[in-house]
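Engineer: I have a structure I would like to understand better, so I am pasting it below and will then ask my questions one at a time.
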Amino acid sequence: MRRQIRRKPEADRDLAEHFVYIGRNNESAALRFLEAAAVAFEKIADMPGIGSLLESHDPRLHNIRHTAVSRKFRNYLIFYRVGQDFVEILAIVHGMRDLPNLLPELF
């Protein structure tokens, strides 16, 4: 069953920020990033178990999964939660960030 895709406003903000950052040096790469993210969201909706489950004792991070945007944009991670009939895109974060300290602040 294909799930509905829901994007939190924070995830849309993340996409825009990454688009601007990438676009400063390469506008076509920035457009490819947005296209890759859209494809990844569809893939997650079709197969929500593709991402890895976060390992954390923090209850705010319970049931959150993550996967790379694509092979070309593997440093950009999509964080999402799976519901009964939807997937909720929570954030898109560069993997070089301090994820253990950053993620509890995001969720």
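Residues in the structure tokens are numbered from 1 in each chain, the chains being A, B, ... in the order shown, and ligands are numbered from 1 in the order shown.
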Quick one: everything within 12 Å of Tyr21 (chain A), counting only C-alpha atoms, minus sequence neighbours fewer than 6 positions away in the same chain. Send it as a JSON list (two decimals) with C-alpha atoms, in the first residue's frame.

Structural biologist:
[["chain", "number", "residue", "atom", "x", "y", "z"],
["A", 14, "ASP", "CA", 15.60, 22.33, 5.00],
["A", 15, "LEU", "CA", 15.07, 21.61, 1.30],
["A", 27, "GLU", "CA", 22.54, 25.83, -10.06],
["A", 29, "ALA", "CA", 23.19, 20.53, -9.13],
["A", 30, "ALA", "CA", 20.72, 22.33, -6.88],
["A", 31, "LEU", "CA", 17.90, 21.46, -9.26],
["A", 33, "PHE", "CA", 19.08, 17.82, -5.57],
["A", 94, "HIS", "CA", 23.57, 17.08, 5.99]]

Engineer: Compile the contact shell of Ile44 (chain A) as an MDAnalysis selection string: residues with an atom at most 10 Å away, counting only C-alpha atoms, same-chain residues fewer than 2 positions apart removed.

Structural biologist: chainID A and resid 2:5 38:42 46:51 66:67 78 80 82 86:89

Engineer: From a DSSP pass on the backbone, collect the residues of chain A flagged as alpha helix (DSSP H) and hand them back as a PyMOL selection string.

Structural biologist: chain A and resi 9-25+27-46+99-106

Engineer: Between A:His57, A:Arg24, A:Arg32, A:Lys8, single out the one closest to Phe79 (chain A), counting only C-alpha atoms.

Structural biologist: A:Lys8

Engineer: From the set A:Ile64, A:Leu53, A:Val69, A:Val93, which residue has the shortest atom-to-atom contact distance to His18 (chain A), counting only C-alpha atoms?

Structural biologist: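 Looking only at the distances to His18 (chain A), the closest residue turns out to be A:Val93.
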
Engineer: For CA of Tyr76 (chain A) and CA of Asn63 (chain A), determine how far apart the two atoms are, in Å to one decimal place.

Structural biologist: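 So the answer is 19.6 Å.
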
Engineer: What does the structure give for the distance between CA of Arg97 (chain A) and CA of Pro59 (chain A), in Å to one decimal?

Structural biologist: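 Distance between the two atoms: 21.0 Å.
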
Engineer: Counting only C-alpha atoms, which residue out of A:Met1, A:Ala16, A:Gly23, A:Ala36 sits closest to Arg71 (chain A)?

Structural biologist: A:Ala36

Engineer: In Å, rounded to a single decimal, give me how far CA of Phe107 (chain A) is from CA of Leu90 (chain A).

Structural biologist: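 Between CA of Leu90 (chain A) and CA of Phe107 (chain A) the gap works out to 8.0 Å.
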